[in-house]
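Please read the structure below before turning to the comments.
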Amino acid sequence: NFSAQSGKGSLTASGEMELQKLVPGAIDFNMKASNFRAANTSQYNALINMDAQAQGKVTSPKITGSLSFVSGFIQLQNFGENSVETIQLDSVSNGPEVSVYDSLALDMDVSFNRRFFVRNKRYLELEIELDGGLDLLKEKDKDLQLFGTMTAASGYARPLGKQFDL
C-alpha cells in the first residue's frame, strides 16, 4: 500500500508484485487520485483526478483507467523559434534493449475541463485553454492511437505583435 498527500489532494495505490529470486514478475496495482498535485514547476503544473489499474508482467504491463486534468498548464520552451538544434546521443549497449513503450498496453480516458492551458512566452506568445477528452489506446508492440475531441475553448496567439483571439 502507498499513499501521498499534496495540499488538499491525495493519491493512494495498492496491489501486489510477484518476486522470484528478487526479480519482479506479475503485477496487479490499483491507483486513485483526488485533486492531487502531480506536477508543480515553472514549466508544468497539474492537479489531477485518476482511477487506474496496472496489471500483467513488469516487462509487459497493461494500464487502464481514467485521468482527468482538473487544472494546470504546460509551458512550451521556445515554440515557434526559427532554428532547430540537432542533438546526437552517444550510447553503449551492454545487452539486449527492452523497450517499456513497445511492451506497454494502454487503454486510458484522458479529459481536460477548460482549466488546463498550453502557454508559450517567446517567439510566438500564446495561451490556449484546452477542453475535451481523448481515448489513448495502445496494444503491445503497436503504435499509440488517439480518439476523441479536443478544443481550444479560449485563448490567443500573438505572432509578431499581432494578436489573434480564439
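Naming works like this for the C-alpha cells: A, B, ... for the chains as they're shown, residue 1 at the start of each chain, ligands 1 onward in shown order.
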Counting only C-alpha atoms, give me one row per residue of stretch 18-43 of chain A with an atom at most 10 Å from an atom of stretch 48-54 of chain A, showing the shortest contact pair and its distance in Å to one decimal, sorted by chain then residue number, as JSON lines.
```
{"residue": "A:Ile27", "atom": "CA", "partner": "A:Ala54", "partner_atom": "CA", "distance": 7.0}
{"residue": "A:Asp28", "atom": "CA", "partner": "A:Ala54", "partner_atom": "CA", "distance": 5.8}
{"residue": "A:Phe29", "atom": "CA", "partner": "A:Ala54", "partner_atom": "CA", "distance": 5.1}
{"residue": "A:Asn30", "atom": "CA", "partner": "A:Gln53", "partner_atom": "CA", "distance": 4.5}
{"residue": "A:Met31", "atom": "CA", "partner": "A:Ala52", "partner_atom": "CA", "distance": 5.2}
{"residue": "A:Lys32", "atom": "CA", "partner": "A:Asp51", "partner_atom": "CA", "distance": 4.6}
{"residue": "A:Ala33", "atom": "CA", "partner": "A:Met50", "partner_atom": "CA", "distance": 4.7}
{"residue": "A:Ser34", "atom": "CA", "partner": "A:Asn49", "partner_atom": "CA", "distance": 4.6}
{"residue": "A:Asn35", "atom": "CA", "partner": "A:Ile48", "partner_atom": "CA", "distance": 5.3}
{"residue": "A:Phe36", "atom": "CA", "partner": "A:Ile48", "partner_atom": "CA", "distance": 5.3}
{"residue": "A:Arg37", "atom": "CA", "partner": "A:Ile48", "partner_atom": "CA", "distance": 6.5}
{"residue": "A:Ala38", "atom": "CA", "partner": "A:Ile48", "partner_atom": "CA", "distance": 6.7}
{"residue": "A:Ala39", "atom": "CA", "partner": "A:Ile48", "partner_atom": "CA", "distance": 9.3}
```
Output as a count of residues only all residues of stretch 29-146 of chain A that backbone DSSP marks as strand (DSSP E or B). 75
If you count only C-alpha atoms, which residues fall within 12 Å of A:Asn40, apart from same-chain ones fewer than 2 positions away, as an mmCIF file with all heavy atoms, in the first residue's frame?
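Written out: selection.cif:
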```
data_model
loop_
_atom_site.group_PDB
_atom_site.id
_atom_site.type_symbol
_atom_site.label_atom_id
_atom_site.label_comp_id
_atom_site.auth_asym_id
_atom_site.auth_seq_id
_atom_site.Cartn_x
_atom_site.Cartn_y
_atom_site.Cartn_z
ATOM 1 N N SER A 6 -0.918 15.889 -1.164
ATOM 2 C CA SER A 6 -0.387 17.071 -1.822
ATOM 3 C C SER A 6 -1.415 18.174 -1.651
ATOM 4 O O SER A 6 -2.423 18.197 -2.365
ATOM 5 C CB SER A 6 -0.125 16.787 -3.304
ATOM 6 O OG SER A 6 0.363 17.943 -3.947
ATOM 7 N N GLY A 7 -1.180 19.054 -0.686
ATOM 8 C CA GLY A 7 -2.191 20.056 -0.363
ATOM 9 C C GLY A 7 -3.435 19.357 0.143
ATOM 10 O O GLY A 7 -3.380 18.501 1.015
ATOM 11 N N PHE A 36 -5.094 15.731 -6.745
ATOM 12 C CA PHE A 36 -3.689 15.526 -6.412
ATOM 13 C C PHE A 36 -2.800 16.388 -7.299
ATOM 14 O O PHE A 36 -2.949 16.409 -8.523
ATOM 15 C CB PHE A 36 -3.318 14.048 -6.591
ATOM 16 C CG PHE A 36 -1.919 13.726 -6.150
ATOM 17 C CD1 PHE A 36 -1.603 13.675 -4.808
ATOM 18 C CD2 PHE A 36 -0.928 13.468 -7.087
ATOM 19 C CE1 PHE A 36 -0.321 13.366 -4.392
ATOM 20 C CE2 PHE A 36 0.358 13.163 -6.681
ATOM 21 C CZ PHE A 36 0.660 13.119 -5.327
ATOM 22 N N ARG A 37 -1.860 17.117 -6.703
ATOM 23 C CA ARG A 37 -0.921 17.961 -7.439
ATOM 24 C C ARG A 37 0.181 17.050 -7.972
ATOM 25 O O ARG A 37 1.117 16.704 -7.282
ATOM 26 C CB ARG A 37 -0.347 19.036 -6.535
ATOM 27 C CG ARG A 37 0.686 19.917 -7.162
ATOM 28 C CD ARG A 37 0.185 21.071 -7.975
ATOM 29 N NE ARG A 37 -0.825 21.842 -7.298
ATOM 30 C CZ ARG A 37 -1.717 22.598 -7.922
ATOM 31 N NH1 ARG A 37 -1.703 22.681 -9.238
ATOM 32 N NH2 ARG A 37 -2.627 23.263 -7.258
ATOM 33 N N ALA A 38 0.064 16.639 -9.244
ATOM 34 C CA ALA A 38 1.016 15.709 -9.851
ATOM 35 C C ALA A 38 2.285 16.413 -10.316
ATOM 36 O O ALA A 38 3.329 15.786 -10.425
ATOM 37 C CB ALA A 38 0.360 14.994 -11.027
ATOM 38 N N SER A 42 7.787 25.542 -12.778
ATOM 39 C CA SER A 42 7.522 26.689 -13.652
ATOM 40 C C SER A 42 7.162 26.253 -15.067
ATOM 41 O O SER A 42 6.572 27.012 -15.820
ATOM 42 C CB SER A 42 8.738 27.618 -13.686
ATOM 43 O OG SER A 42 9.868 26.932 -14.199
ATOM 44 N N GLN A 43 7.481 25.003 -15.450
ATOM 45 C CA GLN A 43 7.166 24.509 -16.786
ATOM 46 C C GLN A 43 5.917 23.637 -16.834
ATOM 47 O O GLN A 43 5.272 23.534 -17.868
ATOM 48 C CB GLN A 43 8.340 23.715 -17.352
ATOM 49 C CG GLN A 43 9.547 24.573 -17.604
ATOM 50 C CD GLN A 43 10.697 23.753 -18.161
ATOM 51 O OE1 GLN A 43 10.694 22.536 -18.092
ATOM 52 N NE2 GLN A 43 11.676 24.436 -18.724
ATOM 53 N N TYR A 44 5.590 22.949 -15.734
ATOM 54 C CA TYR A 44 4.445 22.043 -15.688
ATOM 55 C C TYR A 44 3.698 22.235 -14.382
ATOM 56 O O TYR A 44 4.317 22.367 -13.330
ATOM 57 C CB TYR A 44 4.888 20.568 -15.738
ATOM 58 C CG TYR A 44 5.786 20.231 -16.886
ATOM 59 C CD1 TYR A 44 7.166 20.144 -16.705
ATOM 60 C CD2 TYR A 44 5.267 19.991 -18.147
ATOM 61 C CE1 TYR A 44 8.003 19.822 -17.757
ATOM 62 C CE2 TYR A 44 6.100 19.673 -19.208
ATOM 63 C CZ TYR A 44 7.460 19.585 -19.003
ATOM 64 O OH TYR A 44 8.281 19.282 -20.043
ATOM 65 N N ASN A 45 2.380 22.201 -14.459
ATOM 66 C CA ASN A 45 1.566 22.247 -13.266
ATOM 67 C C ASN A 45 0.312 21.435 -13.565
ATOM 68 O O ASN A 45 -0.314 21.647 -14.594
ATOM 69 C CB ASN A 45 1.209 23.694 -12.919
ATOM 70 C CG ASN A 45 0.509 23.803 -11.598
ATOM 71 O OD1 ASN A 45 -0.547 23.222 -11.402
ATOM 72 N ND2 ASN A 45 1.092 24.563 -10.693
ATOM 73 N N ALA A 46 -0.029 20.496 -12.702
ATOM 74 C CA ALA A 46 -1.203 19.669 -12.958
ATOM 75 C C ALA A 46 -1.848 19.202 -11.668
ATOM 76 O O ALA A 46 -1.188 18.635 -10.799
ATOM 77 C CB ALA A 46 -0.829 18.459 -13.804
ATOM 78 N N LEU A 47 -3.133 19.468 -11.553
ATOM 79 C CA LEU A 47 -3.976 18.951 -10.497
ATOM 80 C C LEU A 47 -4.860 17.900 -11.156
ATOM 81 O O LEU A 47 -5.560 18.207 -12.132
ATOM 82 C CB LEU A 47 -4.825 20.075 -9.902
ATOM 83 C CG LEU A 47 -5.593 19.790 -8.631
ATOM 84 C CD1 LEU A 47 -4.628 19.570 -7.470
ATOM 85 C CD2 LEU A 47 -6.524 20.945 -8.320
ATOM 86 N N ILE A 48 -4.819 16.639 -10.656
ATOM 87 C CA ILE A 48 -5.480 15.543 -11.361
ATOM 88 C C ILE A 48 -6.431 14.750 -10.469
ATOM 89 O O ILE A 48 -6.295 14.750 -9.249
ATOM 90 C CB ILE A 48 -4.457 14.555 -11.965
ATOM 91 C CG1 ILE A 48 -3.651 13.861 -10.857
ATOM 92 C CG2 ILE A 48 -3.558 15.233 -12.968
ATOM 93 C CD1 ILE A 48 -2.877 12.640 -11.305
ATOM 94 N N SER A 71 -6.953 21.101 -13.323
ATOM 95 C CA SER A 71 -6.401 22.411 -13.673
ATOM 96 C C SER A 71 -4.897 22.262 -13.875
ATOM 97 O O SER A 71 -4.310 21.255 -13.505
ATOM 98 C CB SER A 71 -6.680 23.445 -12.574
ATOM 99 O OG SER A 71 -6.021 23.075 -11.375
ATOM 100 N N GLY A 72 -4.300 23.276 -14.485
ATOM 101 C CA GLY A 72 -2.855 23.270 -14.662
ATOM 102 C C GLY A 72 -2.428 23.909 -15.960
ATOM 103 O O GLY A 72 -3.222 24.552 -16.652
ATOM 104 N N PHE A 73 -1.138 23.720 -16.288
ATOM 105 C CA PHE A 73 -0.595 24.269 -17.520
ATOM 106 C C PHE A 73 0.665 23.525 -17.917
ATOM 107 O O PHE A 73 1.287 22.846 -17.107
ATOM 108 C CB PHE A 73 -0.299 25.769 -17.385
ATOM 109 C CG PHE A 73 0.781 26.087 -16.391
ATOM 110 C CD1 PHE A 73 2.129 26.042 -16.738
ATOM 111 C CD2 PHE A 73 0.461 26.436 -15.095
ATOM 112 C CE1 PHE A 73 3.118 26.322 -15.822
ATOM 113 C CE2 PHE A 73 1.446 26.731 -14.160
ATOM 114 C CZ PHE A 73 2.785 26.667 -14.525
ATOM 115 N N ILE A 74 1.023 23.695 -19.172
ATOM 116 C CA ILE A 74 2.323 23.276 -19.680
ATOM 117 C C ILE A 74 2.913 24.494 -20.372
ATOM 118 O O ILE A 74 2.248 25.152 -21.163
ATOM 119 C CB ILE A 74 2.236 22.054 -20.624
ATOM 120 C CG1 ILE A 74 3.630 21.653 -21.093
ATOM 121 C CG2 ILE A 74 1.322 22.317 -21.798
ATOM 122 C CD1 ILE A 74 3.687 20.326 -21.829
ATOM 123 N N GLN A 75 4.128 24.838 -20.004
ATOM 124 C CA GLN A 75 4.833 25.984 -20.584
ATOM 125 C C GLN A 75 5.778 25.457 -21.652
ATOM 126 O O GLN A 75 6.726 24.740 -21.348
ATOM 127 C CB GLN A 75 5.620 26.726 -19.497
ATOM 128 C CG GLN A 75 6.350 27.942 -19.969
ATOM 129 C CD GLN A 75 5.415 29.102 -20.262
ATOM 130 O OE1 GLN A 75 4.478 29.364 -19.518
ATOM 131 N NE2 GLN A 75 5.656 29.791 -21.347
#
```
Do you know which residues are at most 7 Å from A:Thr59 counting only C-alpha atoms, after dropping those on the same chain fewer than 2 positions away, and could you put them as a PyMOL selection string? chain A and resi 57+61+100+103
Save the residues we just selected, C-alpha atoms, as a PDB file, in the first residue's frame?
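Ended up saving to out.pdb:
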```
ATOM      1  CA  LYS A  57       4.090  -8.562 -16.094  1.00  0.00           C
ATOM      2  CA  PRO A  61       2.155  -4.156 -18.312  1.00  0.00           C
ATOM      3  CA  VAL A 100       8.959  -0.346 -21.967  1.00  0.00           C
ATOM      4  CA  SER A 103       5.817  -3.775 -24.462  1.00  0.00           C
TER       5      SER A 103
END
```
Considering only C-alpha atoms, can you say which of A:Phe116, A:Tyr123, A:Phe147, A:Tyr101 comes closest to A:Gln77? A:Tyr123
Interatomic distance (Å, one decimal) between atom CA of A:Val118 and atom CA of A:Phe164: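 So the two atoms, atom CA of A:Val118 and atom CA of A:Phe164, lie 15.4 Å apart.
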Run DSSP on the backbone and grab whatever in stretch 34-140 of chain A lands in alpha helix (DSSP H); send it over as a list in words. Val100, Tyr101, Asp102 and Ser103 of chain A
Okay, now the selection with C-alpha atoms, as a PDB file, in the first residue's frame?
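The resulting file, result.pdb, is shown below:
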```
ATOM      1  CA  VAL A 100       8.959  -0.346 -21.967  1.00  0.00           C
ATOM      2  CA  TYR A 101       6.960   1.637 -24.534  1.00  0.00           C
ATOM      3  CA  ASP A 102       6.883  -1.218 -27.069  1.00  0.00           C
ATOM      4  CA  SER A 103       5.817  -3.775 -24.462  1.00  0.00           C
TER       5      SER A 103
END
```
Quick one, how far is atom CA of A:Phe2 from atom CA of A:Asp109? 23.3 Å
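For the set A:Asp131, A:Lys140, A:Lys62, A:Leu76, the residue with the smallest atom-to-atom gap to A:Asp107 is A:Lys62, counting only C-alpha atoms.
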Can you work out the spacing between atom CA of A:Ile128 and atom CA of A:Thr149 in Å, to one decimal?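 These atoms are spaced 15.2 Å apart.
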